[in-house]
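Engineer: Sharing a structure, written as structure tokens. Questions coming.
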Amino acid sequence: MPHSENYESELRRLHESIQTHPDDPSLRFELGVLLWEEDDKEKSAEQFVVAAKLNPEIEKGGAFRYLGLYYAALQSQSHAQRALKCLQKAVSINPDDSVAGEALCDLLDQQGKETLEVAVCSEASRNSPRAFWAFQRLGYLQLHQNKCSEAVHSLQHAIRGYPTSPILWEALGLAYRRLGRFTAALKSYGRAIELEGTRIFALIESGNIYLMLGSFKKGVEAFQQALEFSPKSVSAHYGLSSGLLGLAKECINLGAFGWGATVLEEASKVAWKSTHLAGNMSSIWKLHGDILLTYAKCYPWMEEDRGLEYDVEAFNNSILSWKHTCYVAAKTARCSYQRALHLAPWQANAYSDIAVTSSYINYLDNSSGHDSSSWQPSEKMALGALLLEGDNSEFWVGLGCLSNDNSLKQHALIRGLQLNVSLAVAWAFLGKLYRKQGEKQFARQAFDCARSIDPSLALPWAGMSADSHSRESSADEAYESCLRAVQILPLAEFQIGLAKLALASGHLSSSQVFGAIKQAIQRAPDYPECHNLNGLVSEAQSNYQSAAVSYRLARCAIINLSGSDTKSCMKDITVNLARALCKAGNALDALRECELLRKQGLHDVEASQIYAFSLWQLGQTDQAFTVARNLAESISTIEQASAAAAVILFSRFLYNMSGLDSTINNILQMPKQRFQSTKFSLMVSAIHALDQRNRLKPVGLSIRNNLKTPEEITEMFFLLALGTLVKHGTEYRLGYQKGIDHVRKSLHMYPNSSLLRNLLGYLLLSSEEWNNTHMATRCCSIGTDPINGGFKMSYEILGAGAVACYAVGNSNPKFSYPTCSYECLNQPQTIQNLQKCLRQEPWNQNVRYLLVLNLVQKAREERFPRHLCIILRRLIIVALSDELYQKPGIAFRYMKFQLLLCASEICLQDGYLIDCISHAKDASMITLPDAYLFFARLLLCRAYASADDVANLNREYIRCLELRTEHIIGWLCLKFIESRYELKTGLDTLDLSFKECSNEWKNSSNMWMALFNLVQGLMSISSHDISSAEGFLSQACSLAGPESTLLLCHGATCMELSRLGYDSQFLSLAARSLTKAQEASLIPLPIVSALLAQAEGSLGSKDKWEKNLRLEWPTWPPEMRPAELFFQMHLLAKQSKASSDTSSIEFCQSPQGWVLRAIHTNPSCMRYWKALQKLVE
């Protein structure tokens, strides 16, 4: 190969120089490098040898490095030794020489001298902290020798020199993982992946760590990323299958069976693909079996929406389809386990897996009968596992669970406990066995042992709830125990038991029971009791249509069962169905069900009551009354509870047909033993509450003596309070004050009664007096179970109270300052409480309705922020889509009306005027009293005003005057609109209507008139008629008394009149009003003290000026302090220079500093700049 001219000239120059200076090692080294680069290694080695002899440390041992590389390339034993010596010499001279160091370590590695390699790297790392190659190589060697702690230190040091090396980060992650420092390992692997996204090892290891930490979703993502770069990686396929299995189990534990089944289908496909890649690995077949068995156990039965009708054939077909899917998956799982056993017959776990799967297949295959005296395949496989590992306690427990023979069960479980006495699951199954055999004492001891060893085991808690009678525990305690079991393990049997206990303890309306029974139906749709309990839960939630569907499904399921008690169960289900249909308003179908029971001879007292009530709903009152009377006359032959219900039904029919007098006469003729029933006694008390002549008073005294429990007594007080409302009221208004006084007296005796407290709160809200709203919110609070309440729930009182009074929920001075004198800032958490209730009862539309109203209140306070408006629009859409608001009844129409007004208000604030007008018009079309429709027209006035549509604005204004309203706030709002847009009809209709309306509110008429004068004063100010404004505001202050807001407005108006040159007395009036406002404020209001300081200063009182300016400073939140306040503090600081007291606020900065802060807050004010210029000069 011809050399370049530069090379020839450089070579000639070096030769000439060497001839001149033969003992110069640098020339020899430079010539050697030149020859080395031109691939003339032999001649270059000669020059390096001469250079090394002349100066061994030439170029920091560079000559020895080149010689070592030369000898290493010759590949002979003698030359290899020379290479080792030369490279060792180079590293000893320069430990930072990575080329020599790496070459030396490679030679030692080829010769198998690992110990010498470690020694070389250790010595180099000790000699120089910048020998990063040595730390890197040493870290790899230490990691290979499993010295992970030392490897971490070495690799961390190496990364300082090679921070972009993905291999180093990957090795560091492996060291961390072996040390159990998983978070650090994840970070290291993550860094390696960032540097080089195709690091398959880092991705797979990251996925494995995520799976160990339980972050299955992240693990799945890591394995999927690895498969993108290596589609045939067995490890990635295995890890992805494992991750999907773990993710599916998470879904199953949360009750999301459908989602879990979908994930398992994907996991099964991935695992099946991995069996084709490595079909000789037993672990892959086992994983495939685990996935399919889990799929078979979690695959949910999905209820088809067929309305109220659900025929038996369709139901049976759906059950058979569901069972077939589970059966096929279980059979395939067993085949995979058998394949794993074939590949690894020494694995005892494979026998155990096949045993469990075979047992589940037998459970699904109901048609195949098995001889109880013969060994089942599941038992044989469990014994196979024990033959291999006879000392494994878990295998003995497995045999005990799978065996059909009770003696073998007991022997296996006891043997497992002999091997491991702390095995909680063995104690739990032993307790289950003892309970099945009737040995309740032994069962209780076994469950107690299991629970003390492992409280997170579900079976002992379930056994404790099932054994509640022998433990003498209450129904609530049994319910809580079963709920704990369901939360630990959502098993269908536990969930059905929870619903049964909820029925006994009164927790059917709980959201936990609702979720549990819905999950149980998905896993045990062939159990009639599942559907029956689901119907009862739906009834508790007043969802009678769904309840009827569930009862029909229960009847379909029970047809396929055989047994002596099916007839009794069929009767109970049919009675439940008839009751649900009756409550749903489908009286005709309920009547048919009752007649069906009559034909079958299963007609009992409850069915007769439903039959009578259905006749009543269908308008056949005479026939219904006859049935009820016959039922009441036969009370001597039925039990006491049913007798009381029959008499109550008869009395109800009698009251509706013949009136109050006939009902009272009938009650007085009844025997005294009837009054021993609590329900009957409460019915009599309700009738007594309606009687103005108190004819049942003697009976009432005897009734109260029969009431024993606090709950019964408080219910009696509740009815007495309602009677007080009726008896002390007028023709058009209830006697709220008397009722409130009565409930307060009752609360002194039973202060913890939620029934009485909620009633008091409801009465206080209904009385519509000025102060009662604040007290209503203090009467009740949402505890751990907000669903229990009474006449009105606590969340309804709190939600309505927060809407009725703005101050109740007003807690953030950033948006507005509290001026309420009743100190009612005790319920700022109303929205959070309502959200909590909605999470517990997502079907509860009352909670959703109150939440919308409170969020609108909050949005109004915060000036309608966009995020709140978006949330409200979504909530209102969901609420209006509910069928509840399509039902007849003024209450439902009113709720829909309010929701439409809220939607219209949100659209108005967002600028969507077309939608705003559309919602308001929809609201105005609802059939409601004119007093309510007034507000829909009022909102239309505001919308047309925003759109500058004067013609429509005038039309809607006149329509408001025609409709009229009894709510004073509506007239005040209309007065604002009238004044601002100069709407006149030629008559003082609005003023006269307002005065007429306010006169009806005797206790608060002065306050309403004060507000009316305030509105007129504000309108006068907007029209620049300050003198008239002062007159209106002065009158408002005289009517309202010490009301800080009104006094502030009056004081500010007087200050303005004084500034305009009116009589100087206005300055004194301003000071007087502002002083009263300052004293009346619950929380010091901003601006009041500043205006008062200005007034006092104008009156010549310097001390009062200084005092009030200092009082103004703390009234503002730090982030809201205006520029003028800083400027006033600068004036105060200038005036106070001579004072010896330097603790005041004005001395924390110089006058110049205060002015600078004012300029920083409002740089556009020239007055501040002029003041700063004077201070600088």
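Chain labels run A, B, ... following the order of the structure tokens; each chain numbers its residues from 1, and ligands are numbered from 1 in the order shown.
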Determine, counting only C-alpha atoms, which protein, DNA and RNA residues have an atom within 12 Å of an atom of A:Asp910; residues of the same chain fewer than 2 positions away are not included. Present the result as a PyMOL selection string.

Structural biologist: chain A and resi 859+863-870+872-873+903-908+912-916+943+946

Engineer: I need the residues of stretch 920-1060 of chain A that end up classed as helix (DSSP H, G or I) by DSSP on the backbone, written out as number ranges by chain.

Structural biologist: A: 920-924, 930-946, 950-963, 968-981, 989-999, 1002-1022, 1026-1040, 1044-1059

Engineer: Once you have the residues from the selection above, write them out as a JSON list (two decimals), in the first residue's frame, restricted to C-alpha atoms.

Structural biologist:
```json
[["chain", "number", "residue", "atom", "x", "y", "z"],
["A", 920, "ALA", "CA", -84.82, 28.35, 31.45],
["A", 921, "LYS", "CA", -87.70, 27.87, 29.01],
["A", 922, "ASP", "CA", -87.76, 24.12, 29.74],
["A", 923, "ALA", "CA", -87.95, 24.97, 33.43],
["A", 924, "SER", "CA", -90.81, 27.43, 32.86],
["A", 930, "ASP", "CA", -96.47, 30.35, 39.88],
["A", 931, "ALA", "CA", -94.31, 31.28, 42.88],
["A", 932, "TYR", "CA", -91.66, 28.84, 41.59],
["A", 933, "LEU", "CA", -92.08, 29.56, 37.86],
["A", 934, "PHE", "CA", -91.35, 33.21, 38.71],
["A", 935, "PHE", "CA", -87.65, 32.30, 39.04],
["A", 936, "ALA", "CA", -87.51, 30.71, 35.58],
["A", 937, "ARG", "CA", -88.85, 33.95, 34.12],
["A", 938, "LEU", "CA", -86.40, 35.93, 36.26],
["A", 939, "LEU", "CA", -83.52, 33.95, 34.77],
["A", 940, "LEU", "CA", -84.88, 34.61, 31.29],
["A", 941, "CYS", "CA", -84.85, 38.33, 32.15],
["A", 942, "ARG", "CA", -81.15, 38.10, 33.01],
["A", 943, "ALA", "CA", -80.38, 36.09, 29.85],
["A", 944, "TYR", "CA", -82.16, 38.54, 27.56],
["A", 945, "ALA", "CA", -80.47, 41.43, 29.37],
["A", 946, "SER", "CA", -77.08, 39.86, 28.66],
["A", 950, "VAL", "CA", -84.84, 44.66, 25.19],
["A", 951, "ALA", "CA", -88.17, 43.47, 23.76],
["A", 952, "ASN", "CA", -87.95, 39.99, 25.28],
["A", 953, "LEU", "CA", -86.55, 41.46, 28.50],
["A", 954, "ASN", "CA", -89.65, 43.66, 28.87],
["A", 955, "ARG", "CA", -91.94, 40.74, 28.10],
["A", 956, "GLU", "CA", -90.35, 38.49, 30.71],
["A", 957, "TYR", "CA", -90.33, 41.31, 33.26],
["A", 958, "ILE", "CA", -94.07, 41.78, 32.88],
["A", 959, "ARG", "CA", -94.53, 38.01, 33.06],
["A", 960, "CYS", "CA", -92.69, 37.99, 36.42],
["A", 961, "LEU", "CA", -95.03, 40.67, 37.75],
["A", 962, "GLU", "CA", -98.01, 38.60, 36.64],
["A", 963, "LEU", "CA", -96.78, 35.36, 38.17],
["A", 968, "ILE", "CA", -88.80, 37.92, 48.92],
["A", 969, "ILE", "CA", -85.39, 37.36, 47.37],
["A", 970, "GLY", "CA", -87.10, 37.06, 44.00],
["A", 971, "TRP", "CA", -88.58, 40.57, 44.28],
["A", 972, "LEU", "CA", -85.16, 41.95, 45.30],
["A", 973, "CYS", "CA", -83.51, 40.47, 42.20],
["A", 974, "LEU", "CA", -86.27, 41.77, 40.00],
["A", 975, "LYS", "CA", -85.83, 45.22, 41.57],
["A", 976, "PHE", "CA", -82.16, 45.20, 40.52],
["A", 977, "ILE", "CA", -83.13, 44.38, 36.94],
["A", 978, "GLU", "CA", -85.89, 47.00, 36.90],
["A", 979, "SER", "CA", -83.57, 49.75, 38.11],
["A", 980, "ARG", "CA", -80.60, 48.86, 35.95],
["A", 981, "TYR", "CA", -82.52, 48.53, 32.68],
["A", 989, "THR", "CA", -96.46, 46.98, 41.21],
["A", 990, "LEU", "CA", -93.07, 45.66, 42.27],
["A", 991, "ASP", "CA", -92.75, 47.88, 45.35],
["A", 992, "LEU", "CA", -96.27, 47.08, 46.50],
["A", 993, "SER", "CA", -95.76, 43.35, 45.93],
["A", 994, "PHE", "CA", -92.55, 43.40, 47.92],
["A", 995, "LYS", "CA", -94.14, 45.17, 50.91],
["A", 996, "GLU", "CA", -97.11, 42.83, 50.82],
["A", 997, "CYS", "CA", -94.81, 39.82, 50.75],
["A", 998, "SER", "CA", -92.53, 41.08, 53.52],
["A", 999, "ASN", "CA", -95.48, 41.73, 55.84],
["A", 1002, "LYS", "CA", -93.53, 39.04, 60.84],
["A", 1003, "ASN", "CA", -90.30, 38.11, 62.63],
["A", 1004, "SER", "CA", -88.00, 39.26, 59.84],
["A", 1005, "SER", "CA", -90.00, 41.89, 57.94],
["A", 1006, "ASN", "CA", -87.69, 44.69, 59.12],
["A", 1007, "MET", "CA", -84.63, 42.90, 57.79],
["A", 1008, "TRP", "CA", -86.25, 42.34, 54.40],
["A", 1009, "MET", "CA", -87.32, 45.98, 54.19],
["A", 1010, "ALA", "CA", -83.75, 46.95, 55.09],
["A", 1011, "LEU", "CA", -82.48, 44.87, 52.18],
["A", 1012, "PHE", "CA", -85.02, 46.49, 49.88],
["A", 1013, "ASN", "CA", -83.74, 49.91, 50.89],
["A", 1014, "LEU", "CA", -80.18, 48.66, 50.36],
["A", 1015, "VAL", "CA", -81.07, 47.69, 46.79],
["A", 1016, "GLN", "CA", -82.62, 51.09, 46.18],
["A", 1017, "GLY", "CA", -79.56, 52.78, 47.66],
["A", 1018, "LEU", "CA", -77.18, 50.82, 45.45],
["A", 1019, "MET", "CA", -79.27, 51.63, 42.40],
["A", 1020, "SER", "CA", -79.19, 55.33, 43.34],
["A", 1021, "ILE", "CA", -75.40, 55.15, 43.61],
["A", 1022, "SER", "CA", -75.17, 53.59, 40.15],
["A", 1026, "ILE", "CA", -75.69, 60.00, 46.11],
["A", 1027, "SER", "CA", -78.05, 62.07, 48.23],
["A", 1028, "SER", "CA", -80.99, 59.72, 47.67],
["A", 1029, "ALA", "CA", -78.71, 56.74, 48.24],
["A", 1030, "GLU", "CA", -77.78, 58.10, 51.68],
["A", 1031, "GLY", "CA", -81.45, 58.35, 52.61],
["A", 1032, "PHE", "CA", -82.20, 54.77, 51.55],
["A", 1033, "LEU", "CA", -79.13, 53.40, 53.33],
["A", 1034, "SER", "CA", -79.85, 55.40, 56.48],
["A", 1035, "GLN", "CA", -83.34, 53.91, 56.58],
["A", 1036, "ALA", "CA", -81.91, 50.42, 55.97],
["A", 1037, "CYS", "CA", -79.53, 50.80, 58.92],
["A", 1038, "SER", "CA", -82.33, 51.93, 61.21],
["A", 1039, "LEU", "CA", -84.44, 48.89, 60.26],
["A", 1040, "ALA", "CA", -81.71, 46.24, 60.38],
["A", 1044, "SER", "CA", -71.95, 45.63, 59.42],
["A", 1045, "THR", "CA", -72.53, 45.50, 55.66],
["A", 1046, "LEU", "CA", -75.31, 48.08, 55.69],
["A", 1047, "LEU", "CA", -73.35, 50.34, 58.04],
["A", 1048, "LEU", "CA", -70.32, 50.13, 55.75],
["A", 1049, "CYS", "CA", -72.39, 51.13, 52.72],
["A", 1050, "HIS", "CA", -73.94, 54.03, 54.63],
["A", 1051, "GLY", "CA", -70.57, 55.20, 55.93],
["A", 1052, "ALA", "CA", -68.97, 55.07, 52.49],
["A", 1053, "THR", "CA", -71.90, 57.00, 51.00],
["A", 1054, "CYS", "CA", -71.63, 59.72, 53.65],
["A", 1055, "MET", "CA", -67.89, 59.96, 52.94],
["A", 1056, "GLU", "CA", -68.65, 60.49, 49.25],
["A", 1057, "LEU", "CA", -71.21, 63.20, 50.04],
["A", 1058, "SER", "CA", -68.65, 64.95, 52.21],
["A", 1059, "ARG", "CA", -66.08, 64.75, 49.41]]
```

Engineer: Write out as a list in words which residues come within 9 Å of stretch 649-656 of chain A when counting only C-alpha atoms, dropping same-chain ones fewer than 6 positions away.

Structural biologist: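 Here the qualifying residues turn out to be Gln609, Ala612, Phe613, Trp616, Thr621, Ala624, Phe625, Val627, Ala628, Arg629, Leu631, Ala632, Ser662, Thr663, Ile664, Asn666, Ile667 and Met683 of chain A.
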
Engineer: Include C-alpha atoms and write out the residues we just selected as a compact mmCIF listing (two decimals), in the first residue's frame.

Structural biologist:
```txt
# COMPACT_ATOMS: atom_id res chain seq x y z
CA GLN A 609 -102.13 -7.82 52.71
CA ALA A 612 -105.70 -6.08 49.50
CA PHE A 613 -103.32 -3.23 48.79
CA TRP A 616 -106.86 -0.65 46.56
CA THR A 621 -111.70 -0.08 47.29
CA ALA A 624 -109.85 -4.28 49.26
CA PHE A 625 -111.63 -3.07 52.41
CA VAL A 627 -110.19 -8.37 52.42
CA ALA A 628 -108.51 -6.14 55.02
CA ARG A 629 -111.49 -6.43 57.38
CA LEU A 631 -107.86 -10.27 57.75
CA ALA A 632 -108.28 -8.07 60.83
CA SER A 662 -114.52 6.31 62.20
CA THR A 663 -110.87 5.28 62.60
CA ILE A 664 -110.69 6.69 66.15
CA ASN A 666 -112.68 1.67 65.77
CA ILE A 667 -109.41 2.03 67.73
CA MET A 683 -99.97 3.91 64.26
```

Engineer: Check the smallest atom-to-atom distance from each of A:Trp1105, A:Ile200, A:Thr777, A:Leu1156 to A:Lys232 using only C-alpha atoms, then report the winner.

Structural biologist: A:Ile200

Engineer: Name the closest residue to A:Cys86 among the candidates A:Ala100, A:Leu588, A:Ala73, A:Leu245; distances are taken between atoms, counting only C-alpha atoms.

Structural biologist: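 For A:Cys86, the nearest of the given residues is A:Ala100.
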
Engineer: Using only C-alpha atoms, which residue out of A:Glu303, A:Glu150, A:Glu480, A:Asp365 lies closest to A:Val549?

Structural biologist: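 The answer is A:Glu303, which sits nearest to A:Val549.
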
Engineer: In Å, with one decimal, what is the gap from atom CA of A:Gln376 to atom CA of A:Tyr360?

Structural biologist: 12.1 Å

Engineer: Quick check, in Å to one decimal: how far apart do atom CA of A:Gly585 and atom CA of A:Gln617 lie?

Structural biologist: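 So the two atoms, atom CA of A:Gly585 and atom CA of A:Gln617, lie 7.9 Å apart.
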
Engineer: I'd like the contact shell of A:Val1155 - 8 Å cut-off, only C-alpha atoms, skipping same-chain residues fewer than 4 positions apart - returned as a VMD selection string.

Structural biologist: chain A and resid 1126 to 1127 1130 1151 1159 1168 1171 to 1172

Engineer: Mind writing the picked residues with all heavy atoms as a PDB file, in the first residue's frame?

Structural biologist:
```
ATOM      1  N   PHE A1126     -50.732  49.806  51.122  1.00  0.00           N
ATOM      2  CA  PHE A1126     -49.290  50.044  51.280  1.00  0.00           C
ATOM      3  C   PHE A1126     -48.983  51.550  51.273  1.00  0.00           C
ATOM      4  O   PHE A1126     -48.128  52.018  52.037  1.00  0.00           O
ATOM      5  CB  PHE A1126     -48.507  49.345  50.160  1.00  0.00           C
ATOM      6  CG  PHE A1126     -48.657  47.849  50.151  1.00  0.00           C
ATOM      7  CD1 PHE A1126     -49.063  47.170  49.016  1.00  0.00           C
ATOM      8  CD2 PHE A1126     -48.389  47.100  51.287  1.00  0.00           C
ATOM      9  CE1 PHE A1126     -49.196  45.795  49.004  1.00  0.00           C
ATOM     10  CE2 PHE A1126     -48.511  45.725  51.281  1.00  0.00           C
ATOM     11  CZ  PHE A1126     -48.928  45.072  50.146  1.00  0.00           C
ATOM     12  N   PHE A1127     -49.707  52.254  50.430  1.00  0.00           N
ATOM     13  CA  PHE A1127     -49.475  53.695  50.360  1.00  0.00           C
ATOM     14  C   PHE A1127     -49.887  54.380  51.663  1.00  0.00           C
ATOM     15  O   PHE A1127     -49.195  55.284  52.158  1.00  0.00           O
ATOM     16  CB  PHE A1127     -50.238  54.292  49.173  1.00  0.00           C
ATOM     17  CG  PHE A1127     -49.912  55.730  48.917  1.00  0.00           C
ATOM     18  CD1 PHE A1127     -48.716  56.078  48.303  1.00  0.00           C
ATOM     19  CD2 PHE A1127     -50.779  56.754  49.294  1.00  0.00           C
ATOM     20  CE1 PHE A1127     -48.399  57.415  48.065  1.00  0.00           C
ATOM     21  CE2 PHE A1127     -50.472  58.077  49.066  1.00  0.00           C
ATOM     22  CZ  PHE A1127     -49.277  58.418  48.444  1.00  0.00           C
ATOM     23  N   HIS A1130     -47.349  53.940  54.217  1.00  0.00           N
ATOM     24  CA  HIS A1130     -46.206  54.857  54.027  1.00  0.00           C
ATOM     25  C   HIS A1130     -46.489  56.205  54.708  1.00  0.00           C
ATOM     26  O   HIS A1130     -45.611  56.788  55.348  1.00  0.00           O
ATOM     27  CB  HIS A1130     -45.935  55.012  52.516  1.00  0.00           C
ATOM     28  CG  HIS A1130     -45.853  56.429  52.037  1.00  0.00           C
ATOM     29  ND1 HIS A1130     -46.959  57.095  51.509  1.00  0.00           N
ATOM     30  CD2 HIS A1130     -44.832  57.332  52.015  1.00  0.00           C
ATOM     31  CE1 HIS A1130     -46.619  58.310  51.175  1.00  0.00           C
ATOM     32  NE2 HIS A1130     -45.318  58.495  51.462  1.00  0.00           N
ATOM     33  N   PRO A1151     -40.630  54.407  54.807  1.00  0.00           N
ATOM     34  CA  PRO A1151     -41.668  54.981  53.937  1.00  0.00           C
ATOM     35  C   PRO A1151     -41.415  54.706  52.459  1.00  0.00           C
ATOM     36  O   PRO A1151     -42.348  54.437  51.702  1.00  0.00           O
ATOM     37  CB  PRO A1151     -41.604  56.473  54.265  1.00  0.00           C
ATOM     38  CG  PRO A1151     -41.091  56.529  55.671  1.00  0.00           C
ATOM     39  CD  PRO A1151     -40.120  55.393  55.788  1.00  0.00           C
ATOM     40  N   ILE A1159     -46.203  50.597  44.404  1.00  0.00           N
ATOM     41  CA  ILE A1159     -45.940  50.683  42.966  1.00  0.00           C
ATOM     42  C   ILE A1159     -45.850  49.293  42.350  1.00  0.00           C
ATOM     43  O   ILE A1159     -46.354  49.046  41.240  1.00  0.00           O
ATOM     44  CB  ILE A1159     -44.643  51.484  42.717  1.00  0.00           C
ATOM     45  CG1 ILE A1159     -44.869  52.953  43.092  1.00  0.00           C
ATOM     46  CG2 ILE A1159     -44.180  51.353  41.278  1.00  0.00           C
ATOM     47  CD1 ILE A1159     -43.610  53.787  43.050  1.00  0.00           C
ATOM     48  N   TYR A1168     -48.476  57.370  43.230  1.00  0.00           N
ATOM     49  CA  TYR A1168     -47.424  56.631  43.940  1.00  0.00           C
ATOM     50  C   TYR A1168     -46.039  57.033  43.422  1.00  0.00           C
ATOM     51  O   TYR A1168     -45.088  57.180  44.199  1.00  0.00           O
ATOM     52  CB  TYR A1168     -47.630  55.120  43.778  1.00  0.00           C
ATOM     53  CG  TYR A1168     -48.971  54.599  44.242  1.00  0.00           C
ATOM     54  CD1 TYR A1168     -49.473  53.388  43.761  1.00  0.00           C
ATOM     55  CD2 TYR A1168     -49.745  55.323  45.145  1.00  0.00           C
ATOM     56  CE1 TYR A1168     -50.692  52.901  44.180  1.00  0.00           C
ATOM     57  CE2 TYR A1168     -50.979  54.847  45.569  1.00  0.00           C
ATOM     58  CZ  TYR A1168     -51.455  53.636  45.079  1.00  0.00           C
ATOM     59  OH  TYR A1168     -52.659  53.161  45.492  1.00  0.00           O
ATOM     60  N   ALA A1171     -45.081  60.389  44.832  1.00  0.00           N
ATOM     61  CA  ALA A1171     -44.681  60.272  46.237  1.00  0.00           C
ATOM     62  C   ALA A1171     -43.277  59.707  46.350  1.00  0.00           C
ATOM     63  O   ALA A1171     -42.464  60.149  47.177  1.00  0.00           O
ATOM     64  CB  ALA A1171     -45.676  59.393  46.995  1.00  0.00           C
ATOM     65  N   LEU A1172     -42.943  58.717  45.502  1.00  0.00           N
ATOM     66  CA  LEU A1172     -41.605  58.129  45.513  1.00  0.00           C
ATOM     67  C   LEU A1172     -40.564  59.170  45.102  1.00  0.00           C
ATOM     68  O   LEU A1172     -39.467  59.238  45.684  1.00  0.00           O
ATOM     69  CB  LEU A1172     -41.564  56.921  44.562  1.00  0.00           C
ATOM     70  CG  LEU A1172     -40.219  56.211  44.449  1.00  0.00           C
ATOM     71  CD1 LEU A1172     -39.787  55.627  45.796  1.00  0.00           C
ATOM     72  CD2 LEU A1172     -40.272  55.114  43.385  1.00  0.00           C
TER      73      LEU A1172
END
```

Engineer: How many Å lie between atom CA of A:Ser1081 and atom CA of A:Thr830, rounded to one decimal?

Structural biologist: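 Interatomic distance here is 24.6 Å.
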
Engineer: Excluding stretch 25-35 of chain A and residues on its chain fewer than 3 positions from it, collect all residues at most 6 Å away from it, counting only C-alpha atoms, and give them as a list in words.

Structural biologist: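 Everything that qualifies: Glu38, Asp40, Ser44, Gln47, Phe48, Ala51 and Leu54 of chain A.
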
Engineer: Looking at A:Asn534, A:Thr262, A:Ser283, A:Ser1023, which one is nearest to A:Val234, with distances taken over only C-alpha atoms?

Structural biologist: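 Selected residue with least distance to A:Val234: A:Ser283.
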
Engineer: Ranking A:Val328, A:Ala584, A:Asn253, A:Pro345 by minimum distance to A:Ser282 and counting only C-alpha atoms, which one comes first?

Structural biologist: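 Of A:Val328, A:Ala584, A:Asn253, A:Pro345, the one nearest A:Ser282, counting only C-alpha atoms, is A:Pro345.
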
Engineer: Hey, what's within 9 Å of A:Leu287 if we count only C-alpha atoms and toss same-chain stuff fewer than 4 positions away? As a ChimeraX atom specification, please?

Structural biologist: /A:238,241-242,245,271,282-283,291-292,336-337

Engineer: Since we have the selection now, will you write its residues out, keeping C-alpha atoms, as a PDB file, in the first residue's frame?

Structural biologist:
```pdb
ATOM      1  CA  TYR A 238     -43.465 -15.681  30.477  1.00  0.00           C
ATOM      2  CA  SER A 241     -48.273 -13.805  31.076  1.00  0.00           C
ATOM      3  CA  SER A 242     -47.429 -13.617  34.776  1.00  0.00           C
ATOM      4  CA  LEU A 245     -52.359 -12.962  35.604  1.00  0.00           C
ATOM      5  CA  ALA A 271     -48.885 -18.119  27.525  1.00  0.00           C
ATOM      6  CA  SER A 282     -42.855 -27.311  32.700  1.00  0.00           C
ATOM      7  CA  SER A 283     -43.109 -23.858  34.303  1.00  0.00           C
ATOM      8  CA  ILE A 291     -54.303 -18.668  33.958  1.00  0.00           C
ATOM      9  CA  LEU A 292     -57.050 -20.918  32.655  1.00  0.00           C
ATOM     10  CA  SER A 336     -51.782 -27.988  30.851  1.00  0.00           C
ATOM     11  CA  TYR A 337     -51.039 -29.173  34.395  1.00  0.00           C
TER      12      TYR A 337
END
```
